[in-house]
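A.B. asks: The structure that follows is given in the form of structure tokens.
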Amino acid sequence: MSTRTHHCNKLCTEHIGQTVSLAGWVNAYRDHGSGLVFIDLRDREGLTQLVFDTEDSSQTVLAVADKLRNEDVVAATGIVRTREGGPNPKLDTGEIEVVVKEIELLSKTDKLPFLPSDEENMPGEEMRLRYRYLDLRRPKMQQILRTRHRVAKLTRDYFDEQGFLEIETPILCKSTPEGARDFVVPSRLQPGEWYALPQSPQLFKQILMVAGCEKYLQICRCFRDEDPRADRQAEFTQIDCEMSFVEREDVMQVMEGFARRLWKEVLDYDAPEFERLTYRECLDRFGIDRPDTRFGLEIVDISDLAAKTDFGVFATALAKDRGVVRAIRVPGGATRLTRKMTDRYTEFVKQFGAGGVPVCKCTDKGLETGIARFVEPVAAELIARLGLEPGDSVLFGADSYGTCVKALGELRIKVARDLDMIPEGKWNFLWVVDFPMFEYNEEAGRFQSLHHPFTAPRPDQIEAFLAADGNDRDAIEAILSDGYDMVVNGSEVGGGSIRIHRKEVQERVFSLLGISPEDAAEKFSFLLDALRFGAPPHGGIAFGLDRVVMHLCGTDNIRDVIPFPKTQTGGDLMSGAPGEVSDEQMQELHVKSTWEGE
RNA sequence: GGGGCGGUAGCUCAAUUGGUUAGAGCACCGGACUGUCGAUCCGGAGGUUGCGGGUUCGAUUCCCGUCCGCCUCGCCA
């Protein structure tokens, strides 16, 4: 095989007359008979047209060219010249062609399940995953792989500049309570014992702070055995970091700088200073802890007005524990929202536990249709509070606070999509802060960490936290944490916190979570020990690398940015994982399956 | 575990109210063509309509089950 001298995007008029060697895949062939053949040769970088004709190429070379088909692999040597048939403005190399003197067929392809170059007839995702190596040949996928590489490289560069050390932590870990379901690995050497794959290197990175590393970084794989979503895989990659002797502000500055660097380097976008919202504000105004503020449709409380009406739905809601009535103004909704759509919205919110979506319209005569006659007594106040103008419509939610804002928050996003209200090409970065430390889980009858059990209370809350009565639900839920989430266009890309570095605070958290001292000792003794032996104040954050790459590549499917992703049922359609293991393997691992098949 | 959508040629899709031999584009195979660039033109081959059952004179179409893929609720400290 001749040594390659150039990539297929590199040749231009200044190479005319030079002898060059290229190698790659046949992207397209145009065969004009035995006398003239064109091949678009594709490699990682681009396309170059090869030409074979009777005047310039030998019969042997022509004979090979005549048989070339899509996706055959060839190496060719020839001379660069101006395109005799005129330039092709669609290609970077459209000014030139390579007239081939030598050609070697390196690999003949069998019949293909699909053509990577055929953008018009893109195969379904199942096909793409089964033949991932063909899918990845597509320039779009090559571009994603490249962007992912750049993000990883920029990560290492940025954090290196900031004085972080890249340190590895174990993949075979100990299972810890709470959190997601663990993936688990049987121990051969310790019969009956199991490792868990890390859901994140959380405890190890804190231990590294106690170990005096001061600034830690890792691009690490994490595993959570939960059902996937469009933006979630069981196996994903996290940009994980931790810093000592810092406060919340320090971590946020470092990470904001990092995000700004990524967007600048990859998209040449200068992000403005990130907006900050409290968790409470997020829920009140957007009904979600990762708000998308690129469009309006904010949620407005009208409970006091609703109380003045005779509408049964409102009365029922207000009678509930923490019952509220809230509304969203939809500009121009009177004509843009059809009856069919609003009927669907009622179905839509039912999945979030809400009963339905009452509506009404605003005209120049006041409120009309839907529940207008019920809200008539407060029409003027409603118009004023929501800023209604003729042509608008109003979507109502009435339920307990949690259900109401959740339903309206999801509805708000759906309406924005339906009405095409989300601006393209706009970036919306923000921080969410002041999360509660705990939320009460009604079913379990106990408190849960909103973030994780190692999150510290905000410094001004610590004394109140230590003093709070564990049975006083309101007092406990009022304690704010020193955590922070980074949100980009309504998607959570990173989250972290200042950690607890005082043993008594950590023990108090465990006890509130219902983790007995014995359990805590069994599961976390190494952390509690470490906190006894001189732990510096520290905090950190984890970034979802996959999600960041999704944003930078403009896709809403996480599988697009993972080279070899898994399906909804956790399968790898290419390799066939997961699969059975032999009885011998099972025996060695002291494992017996209870699965009997069906 | 629940809800929704989908599965027809190698790929992307079509097929009237349940009705004759299940079609088209691309790919593939053969042929023609010396300036194409998604080459063009002619011809050919290619089907267990995911799988199993049911209804029917007759099922790609209707019903039930099941498998696979996607979206989603739950879940994701």
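Every chain in the structure tokens has a letter given in the order shown (A, B, ...), and although residue numbers restart at 1 in each chain, ligands are simply numbered from 1 in the order shown.
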Would you give me, as a list in words, the residues of chain B that come within 8 Å of chain A, using only C-alpha atoms (C1' of nucleotides)?
C.D. replies: G10, C11, U12, C26, A27, C28, A32, C33, U34, G35, U36, C37, A39, G69, C71, C73, C75, C76 and A77 of chain B
A.B. asks: Can you pull out the residues contacting stretch 372-377 of chain A? Cut-off 9 Å, using only C-alpha atoms (C1' of nucleotides), and skip same-chain residues under 4 positions away; I want them as a list in words.
C.D. replies: Leu305, Ala306, Lys308, Thr309, Asp310, Phe311, Val359, Cys360, Lys361, Cys362, Gly366, Leu367, Glu368, Glu381 and Leu382 of chain A
A.B. asks: I need the residues in stretch 1-55 of chain A that are strand (DSSP E) according to DSSP; give them as a PyMOL selection string.
C.D. replies: chain A and resi 19-31+36-42+47-53
A.B. asks: Quick one: DSSP alpha helix (DSSP H) residues in stretch 318-396 of chain A, as a ChimeraX atom specification?
C.D. replies: /A:318-319,333-336,339-350,372-375,379-386
A.B. asks: Keeping only N, CA, C and O atoms, write those residues as a compact mmCIF listing (two decimals), in the first residue's frame.
C.D. replies:
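Contents of the output file out_9.txt:
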```txt
# COMPACT_ATOMS: atom_id res chain seq x y z
N LEU A 318 -58.03 24.44 46.70
CA LEU A 318 -57.60 25.30 47.80
C LEU A 318 -57.83 24.65 49.16
O LEU A 318 -57.18 25.00 50.14
N ALA A 319 -58.76 23.70 49.18
CA ALA A 319 -59.03 23.01 50.43
C ALA A 319 -57.95 21.98 50.76
O ALA A 319 -57.85 21.49 51.88
N GLY A 333 -52.81 33.19 22.46
CA GLY A 333 -53.34 31.84 22.58
C GLY A 333 -54.78 31.68 22.12
O GLY A 333 -55.20 30.58 21.76
N ALA A 334 -55.52 32.76 22.12
CA ALA A 334 -56.94 32.69 21.76
C ALA A 334 -57.11 32.11 20.36
O ALA A 334 -58.04 31.35 20.10
N THR A 335 -56.19 32.45 19.47
CA THR A 335 -56.29 31.89 18.12
C THR A 335 -55.30 30.75 17.91
O THR A 335 -55.56 29.83 17.14
N ARG A 336 -54.17 30.78 18.62
CA ARG A 336 -53.13 29.79 18.33
C ARG A 336 -53.39 28.46 19.03
O ARG A 336 -52.92 27.42 18.57
N ARG A 339 -59.05 24.11 20.28
CA ARG A 339 -59.78 23.29 21.25
C ARG A 339 -59.14 21.91 21.37
O ARG A 339 -58.98 21.35 22.45
N LYS A 340 -58.74 21.39 20.22
CA LYS A 340 -58.11 20.07 20.19
C LYS A 340 -56.84 20.06 21.05
O LYS A 340 -56.58 19.13 21.80
N MET A 341 -56.06 21.14 20.92
CA MET A 341 -54.81 21.21 21.69
C MET A 341 -55.09 21.29 23.19
O MET A 341 -54.46 20.58 23.98
N THR A 342 -56.03 22.15 23.57
CA THR A 342 -56.27 22.31 25.00
C THR A 342 -56.87 21.02 25.59
O THR A 342 -56.60 20.68 26.74
N ASP A 343 -57.65 20.30 24.77
CA ASP A 343 -58.14 19.00 25.24
C ASP A 343 -56.97 18.06 25.50
O ASP A 343 -56.94 17.31 26.47
N ARG A 344 -56.01 18.11 24.60
CA ARG A 344 -54.82 17.24 24.78
C ARG A 344 -54.04 17.65 26.02
O ARG A 344 -53.45 16.82 26.69
N TYR A 345 -54.00 18.94 26.32
CA TYR A 345 -53.27 19.40 27.50
C TYR A 345 -53.87 18.81 28.77
O TYR A 345 -53.14 18.48 29.72
N THR A 346 -55.19 18.70 28.78
CA THR A 346 -55.82 18.09 29.94
C THR A 346 -55.34 16.65 30.12
O THR A 346 -55.00 16.22 31.22
N GLU A 347 -55.25 15.92 29.02
CA GLU A 347 -54.71 14.55 29.09
C GLU A 347 -53.26 14.58 29.52
O GLU A 347 -52.80 13.77 30.32
N PHE A 348 -52.52 15.55 28.95
CA PHE A 348 -51.09 15.66 29.20
C PHE A 348 -50.77 15.84 30.69
O PHE A 348 -49.89 15.17 31.23
N VAL A 349 -51.53 16.72 31.35
CA VAL A 349 -51.17 17.01 32.76
C VAL A 349 -51.60 15.87 33.70
O VAL A 349 -51.13 15.80 34.82
N LYS A 350 -52.47 15.00 33.19
CA LYS A 350 -52.91 13.90 34.06
C LYS A 350 -51.75 12.99 34.45
O LYS A 350 -51.73 12.41 35.53
N ALA A 372 -64.60 31.08 31.87
CA ALA A 372 -64.71 32.54 32.00
C ALA A 372 -65.82 32.94 32.96
O ALA A 372 -65.66 33.85 33.79
N ARG A 373 -66.97 32.25 32.86
CA ARG A 373 -68.09 32.69 33.69
C ARG A 373 -67.81 32.48 35.18
O ARG A 373 -68.33 33.19 36.02
N PHE A 374 -66.95 31.51 35.50
CA PHE A 374 -66.61 31.29 36.92
C PHE A 374 -65.66 32.37 37.44
O PHE A 374 -65.74 32.76 38.60
N VAL A 375 -64.73 32.81 36.58
CA VAL A 375 -63.74 33.78 37.06
C VAL A 375 -64.19 35.22 36.81
O VAL A 375 -63.47 36.16 37.11
N ALA A 379 -62.39 39.04 37.11
CA ALA A 379 -61.84 39.21 35.76
C ALA A 379 -60.84 40.37 35.69
O ALA A 379 -59.74 40.22 35.16
N ALA A 380 -61.23 41.50 36.23
CA ALA A 380 -60.36 42.67 36.13
C ALA A 380 -59.03 42.44 36.83
O ALA A 380 -57.96 42.75 36.30
N GLU A 381 -59.10 41.85 38.03
CA GLU A 381 -57.86 41.58 38.78
C GLU A 381 -56.99 40.56 38.06
O GLU A 381 -55.76 40.67 38.03
N LEU A 382 -57.66 39.56 37.47
CA LEU A 382 -56.94 38.52 36.76
C LEU A 382 -56.21 39.10 35.54
O LEU A 382 -55.03 38.81 35.29
N ILE A 383 -56.93 39.96 34.82
CA ILE A 383 -56.35 40.60 33.64
C ILE A 383 -55.14 41.43 34.04
O ILE A 383 -54.09 41.39 33.40
N ALA A 384 -55.29 42.13 35.15
CA ALA A 384 -54.19 42.99 35.60
C ALA A 384 -53.00 42.16 36.06
O ALA A 384 -51.85 42.41 35.70
N ARG A 385 -53.27 41.09 36.86
CA ARG A 385 -52.16 40.33 37.42
C ARG A 385 -51.39 39.57 36.35
O ARG A 385 -50.16 39.49 36.38
N LEU A 386 -52.11 39.02 35.37
CA LEU A 386 -51.44 38.23 34.33
C LEU A 386 -50.98 39.11 33.16
O LEU A 386 -50.26 38.65 32.29
```
A.B. asks: If you count only C-alpha atoms (C1' of nucleotides), which residues fall within 12 Å of B:A45, apart from same-chain ones fewer than 5 positions away, as a ChimeraX atom specification?
C.D. replies: /B:9,28-30
A.B. asks: Emit the selected residues as a short mmCIF file (atom, residue, chain, number, x, y, z; two decimals), in the first residue's frame, including N, CA, C and O atoms (P, O5', C5', C4', C3', O3' and C1' of nucleotides).
C.D. replies:
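The result, stored in result_27.cif:
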```cif
data_model
loop_
_atom_site.label_atom_id
_atom_site.label_comp_id
_atom_site.auth_asym_id
_atom_site.auth_seq_id
_atom_site.Cartn_x
_atom_site.Cartn_y
_atom_site.Cartn_z
P A B 9 -39.23 -5.27 4.54
"O5'" A B 9 -39.09 -5.77 3.04
"C5'" A B 9 -38.89 -7.14 2.77
"C4'" A B 9 -37.90 -7.31 1.64
"C3'" A B 9 -36.61 -6.50 1.80
"O3'" A B 9 -35.52 -7.27 1.32
"C1'" A B 9 -37.65 -5.98 -0.26
P C B 28 -24.48 -0.12 -5.28
"O5'" C B 28 -24.98 -1.63 -5.31
"C5'" C B 28 -24.58 -2.55 -4.31
"C4'" C B 28 -25.19 -3.90 -4.57
"C3'" C B 28 -24.97 -4.45 -5.97
"O3'" C B 28 -23.70 -5.07 -6.08
"C1'" C B 28 -27.25 -4.68 -5.40
P C B 29 -22.87 -4.90 -7.40
"O5'" C B 29 -23.58 -5.93 -8.39
"C5'" C B 29 -23.57 -7.32 -8.14
"C4'" C B 29 -24.37 -8.04 -9.18
"C3'" C B 29 -24.08 -7.62 -10.62
"O3'" C B 29 -22.93 -8.25 -11.15
"C1'" C B 29 -26.41 -7.67 -10.28
P G B 30 -22.06 -7.47 -12.24
"O5'" G B 30 -22.99 -7.51 -13.53
"C5'" G B 30 -23.22 -8.74 -14.18
"C4'" G B 30 -24.14 -8.55 -15.37
"C3'" G B 30 -23.73 -7.46 -16.36
"O3'" G B 30 -22.70 -7.86 -17.24
"C1'" G B 30 -26.05 -7.31 -15.91
#
```
A.B. asks: Please provide the set of residues having any atom within 12 Å of B:U61, restricted to only C-alpha atoms (C1' of nucleotides), with same-chain residues fewer than 5 positions apart removed, written as number ranges by chain.
C.D. replies: B: 8, 15-19, 22, 49
A.B. asks: How would the residues just chosen look if you wrote them out with N, CA and C atoms (P, O5', C5', C4', C3', O3' and C1' of nucleotides) as an mmCIF file, in the first residue's frame?
C.D. replies:
```
data_model
loop_
_atom_site.group_PDB
_atom_site.id
_atom_site.type_symbol
_atom_site.label_atom_id
_atom_site.label_comp_id
_atom_site.auth_asym_id
_atom_site.auth_seq_id
_atom_site.Cartn_x
_atom_site.Cartn_y
_atom_site.Cartn_z
ATOM 1 P P U B 8 -40.496 -3.044 8.657
ATOM 2 O "O5'" U B 8 -41.749 -3.630 7.873
ATOM 3 C "C5'" U B 8 -41.957 -5.029 7.802
ATOM 4 C "C4'" U B 8 -42.512 -5.403 6.470
ATOM 5 C "C3'" U B 8 -41.681 -4.991 5.264
ATOM 6 O "O3'" U B 8 -40.612 -5.887 5.015
ATOM 7 C "C1'" U B 8 -43.913 -4.374 4.893
ATOM 8 P P A B 15 -50.475 4.115 2.332
ATOM 9 O "O5'" A B 15 -50.818 2.862 1.397
ATOM 10 C "C5'" A B 15 -51.464 3.044 0.141
ATOM 11 C "C4'" A B 15 -51.664 1.709 -0.517
ATOM 12 C "C3'" A B 15 -52.485 0.702 0.291
ATOM 13 O "O3'" A B 15 -53.875 0.917 0.169
ATOM 14 C "C1'" A B 15 -50.539 -0.343 -0.514
ATOM 15 P P U B 16 -54.791 0.324 1.352
ATOM 16 O "O5'" U B 16 -56.159 1.097 1.211
ATOM 17 C "C5'" U B 16 -56.226 2.500 1.524
ATOM 18 C "C4'" U B 16 -57.492 3.068 0.965
ATOM 19 C "C3'" U B 16 -58.734 2.212 1.199
ATOM 20 O "O3'" U B 16 -59.867 3.042 1.358
ATOM 21 C "C1'" U B 16 -58.385 2.467 -1.119
ATOM 22 P P U B 17 -60.389 3.454 2.755
ATOM 23 O "O5'" U B 17 -61.145 2.163 3.281
ATOM 24 C "C5'" U B 17 -61.717 2.193 4.596
ATOM 25 C "C4'" U B 17 -62.569 0.976 4.823
ATOM 26 C "C3'" U B 17 -61.873 -0.361 4.576
ATOM 27 O "O3'" U B 17 -62.310 -1.295 5.549
ATOM 28 C "C1'" U B 17 -63.806 -0.220 3.222
ATOM 29 P P G B 18 -61.231 -1.871 6.540
ATOM 30 O "O5'" G B 18 -60.771 -3.180 5.757
ATOM 31 C "C5'" G B 18 -59.424 -3.426 5.444
ATOM 32 C "C4'" G B 18 -59.327 -4.653 4.590
ATOM 33 C "C3'" G B 18 -60.291 -4.667 3.413
ATOM 34 O "O3'" G B 18 -59.696 -5.352 2.326
ATOM 35 C "C1'" G B 18 -60.629 -6.573 4.721
ATOM 36 P P G B 19 -59.171 -4.481 1.080
ATOM 37 O "O5'" G B 19 -59.021 -5.578 -0.051
ATOM 38 C "C5'" G B 19 -58.007 -6.592 0.045
ATOM 39 C "C4'" G B 19 -58.160 -7.588 -1.060
ATOM 40 C "C3'" G B 19 -58.416 -6.985 -2.433
ATOM 41 O "O3'" G B 19 -57.866 -7.849 -3.424
ATOM 42 C "C1'" G B 19 -60.257 -8.342 -1.821
ATOM 43 P P A B 22 -48.274 -10.671 -4.789
ATOM 44 O "O5'" A B 22 -48.042 -9.112 -4.674
ATOM 45 C "C5'" A B 22 -49.121 -8.197 -4.812
ATOM 46 C "C4'" A B 22 -48.806 -6.925 -4.059
ATOM 47 C "C3'" A B 22 -47.396 -6.367 -4.319
ATOM 48 O "O3'" A B 22 -47.393 -5.508 -5.440
ATOM 49 C "C1'" A B 22 -47.826 -6.465 -1.982
ATOM 50 P P U B 49 -45.069 -12.768 5.144
ATOM 51 O "O5'" U B 49 -44.434 -11.352 5.453
ATOM 52 C "C5'" U B 49 -44.216 -10.917 6.798
ATOM 53 C "C4'" U B 49 -44.217 -9.420 6.844
ATOM 54 C "C3'" U B 49 -45.199 -8.836 7.857
ATOM 55 O "O3'" U B 49 -44.619 -7.658 8.379
ATOM 56 C "C1'" U B 49 -45.690 -7.994 5.721
#
```
A.B. asks: B:U72, B:U48, B:U20, B:U66: which is nearest B:G3, counting only C-alpha atoms (C1' of nucleotides)?
C.D. replies: B:U72
A.B. asks: Just the residues within 10 Å of stretch 542-555 of chain A, please, counting only C-alpha atoms (C1' of nucleotides), with nothing from its chain fewer than 5 positions along; format it as JSON, numbers by chain.
C.D. replies: {"A": [140, 141, 143, 144, 145, 147, 148, 149, 150, 151, 152, 155, 200, 201, 202, 217, 218, 219, 220, 221, 231, 232, 233, 236, 237, 238, 239, 240, 241, 242, 255, 259, 262, 263, 266, 267, 425, 427, 485, 486, 488, 489, 491, 492, 493, 494, 495, 496, 497, 560, 561, 562]}
A.B. asks: Name all residues at most 10 Å from A:Val210 (count only C-alpha atoms (C1' of nucleotides); drop same-chain ones fewer than 3 positions away) and give them as JSON, numbers by chain.
C.D. replies: {"A": [204, 205, 206, 207, 213, 214, 244, 501, 527, 530, 531, 532, 533, 534, 535, 536, 537, 538]}
A.B. asks: Would you please work out which residue, of A:Ser303, A:Ser575, A:Thr455, A:Ser175, is nearest to A:Ala327 when using only C-alpha atoms?
C.D. replies: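 Among the listed residues, A:Ser303 lies closest to A:Ala327.
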A.B. asks: Atom CA of A:Asn9 to atom CA of A:Val99: how many Å, to one decimal?
C.D. replies: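 Computing it gives 16.1 Å between the two atoms.
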A.B. asks: Report as a list in words all protein, DNA and RNA residues lying within 7 Å of stretch 409-423 of chain A, evaluated on only C-alpha atoms (C1' of nucleotides), omitting residues in the same chain fewer than 6 positions from it.
C.D. replies: Phe286, Gly287, Ile288, Arg294, Phe295, Leu297 and Val349 of chain A
A.B. asks: Go ahead and dump the residues you just picked, all heavy atoms, as a compact mmCIF listing (two decimals), in the first residue's frame.
C.D. replies:
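Once everything was written out, this is again-v1.txt:
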```txt
# COMPACT_ATOMS: atom_id res chain seq x y z
N PHE A 286 -41.44 28.62 37.28
CA PHE A 286 -41.29 27.72 36.13
C PHE A 286 -41.72 26.28 36.42
O PHE A 286 -41.75 25.45 35.51
CB PHE A 286 -39.84 27.74 35.65
CG PHE A 286 -39.34 29.13 35.36
CD1 PHE A 286 -38.51 29.78 36.27
CD2 PHE A 286 -39.73 29.79 34.22
CE1 PHE A 286 -38.07 31.07 36.02
CE2 PHE A 286 -39.29 31.08 33.96
CZ PHE A 286 -38.47 31.73 34.87
N GLY A 287 -42.04 26.00 37.67
CA GLY A 287 -42.57 24.69 38.02
C GLY A 287 -41.58 23.56 37.90
O GLY A 287 -41.96 22.39 37.84
N ILE A 288 -40.28 23.89 37.85
CA ILE A 288 -39.27 22.86 37.62
C ILE A 288 -37.95 23.37 38.18
O ILE A 288 -37.75 24.59 38.25
CB ILE A 288 -39.18 22.56 36.10
CG1 ILE A 288 -38.50 21.23 35.83
CG2 ILE A 288 -38.51 23.69 35.36
CD1 ILE A 288 -38.72 20.76 34.41
N ARG A 294 -35.77 30.84 28.19
CA ARG A 294 -35.68 31.46 26.85
C ARG A 294 -37.02 31.97 26.36
O ARG A 294 -37.10 32.67 25.37
CB ARG A 294 -35.14 30.44 25.83
CG ARG A 294 -33.66 30.16 25.97
CD ARG A 294 -33.26 29.06 25.01
NE ARG A 294 -33.93 27.81 25.32
CZ ARG A 294 -33.87 26.73 24.53
NH1 ARG A 294 -33.19 26.77 23.40
NH2 ARG A 294 -34.48 25.62 24.89
N PHE A 295 -38.08 31.57 27.02
CA PHE A 295 -39.40 32.05 26.61
C PHE A 295 -40.20 32.37 27.86
O PHE A 295 -39.81 32.01 28.97
CB PHE A 295 -40.11 30.96 25.79
CG PHE A 295 -40.19 29.62 26.49
CD1 PHE A 295 -41.30 29.28 27.23
CD2 PHE A 295 -39.14 28.72 26.40
CE1 PHE A 295 -41.37 28.06 27.88
CE2 PHE A 295 -39.20 27.50 27.05
CZ PHE A 295 -40.32 27.17 27.79
N LEU A 297 -44.24 32.60 29.36
CA LEU A 297 -45.17 31.59 29.87
C LEU A 297 -44.93 31.29 31.33
O LEU A 297 -45.03 30.14 31.77
CB LEU A 297 -45.08 30.29 29.06
CG LEU A 297 -45.37 30.37 27.55
CD1 LEU A 297 -45.24 28.99 26.92
CD2 LEU A 297 -46.76 30.94 27.29
N VAL A 349 -51.53 16.72 31.35
CA VAL A 349 -51.17 17.01 32.76
C VAL A 349 -51.60 15.87 33.70
O VAL A 349 -51.13 15.80 34.82
CB VAL A 349 -51.78 18.34 33.27
CG1 VAL A 349 -51.21 19.50 32.48
CG2 VAL A 349 -53.29 18.31 33.24
```
A.B. asks: Find, counting only C-alpha atoms (C1' of nucleotides), the residue in B:G1, B:G31, B:G38, B:G7 that gets nearest to B:C68.
C.D. replies: B:G7
A.B. asks: What does the distance between atom CA of A:Glu104 and atom CA of A:Val64 come to in Å, to one decimal place?
C.D. replies: 8.0 Å
A.B. asks: Which distance in Å separates atom C1' of B:A14 and atom C1' of B:U55, to one decimal?
C.D. replies: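 According to the coordinates, atom C1' of B:A14 and atom C1' of B:U55 are separated by 26.7 Å.
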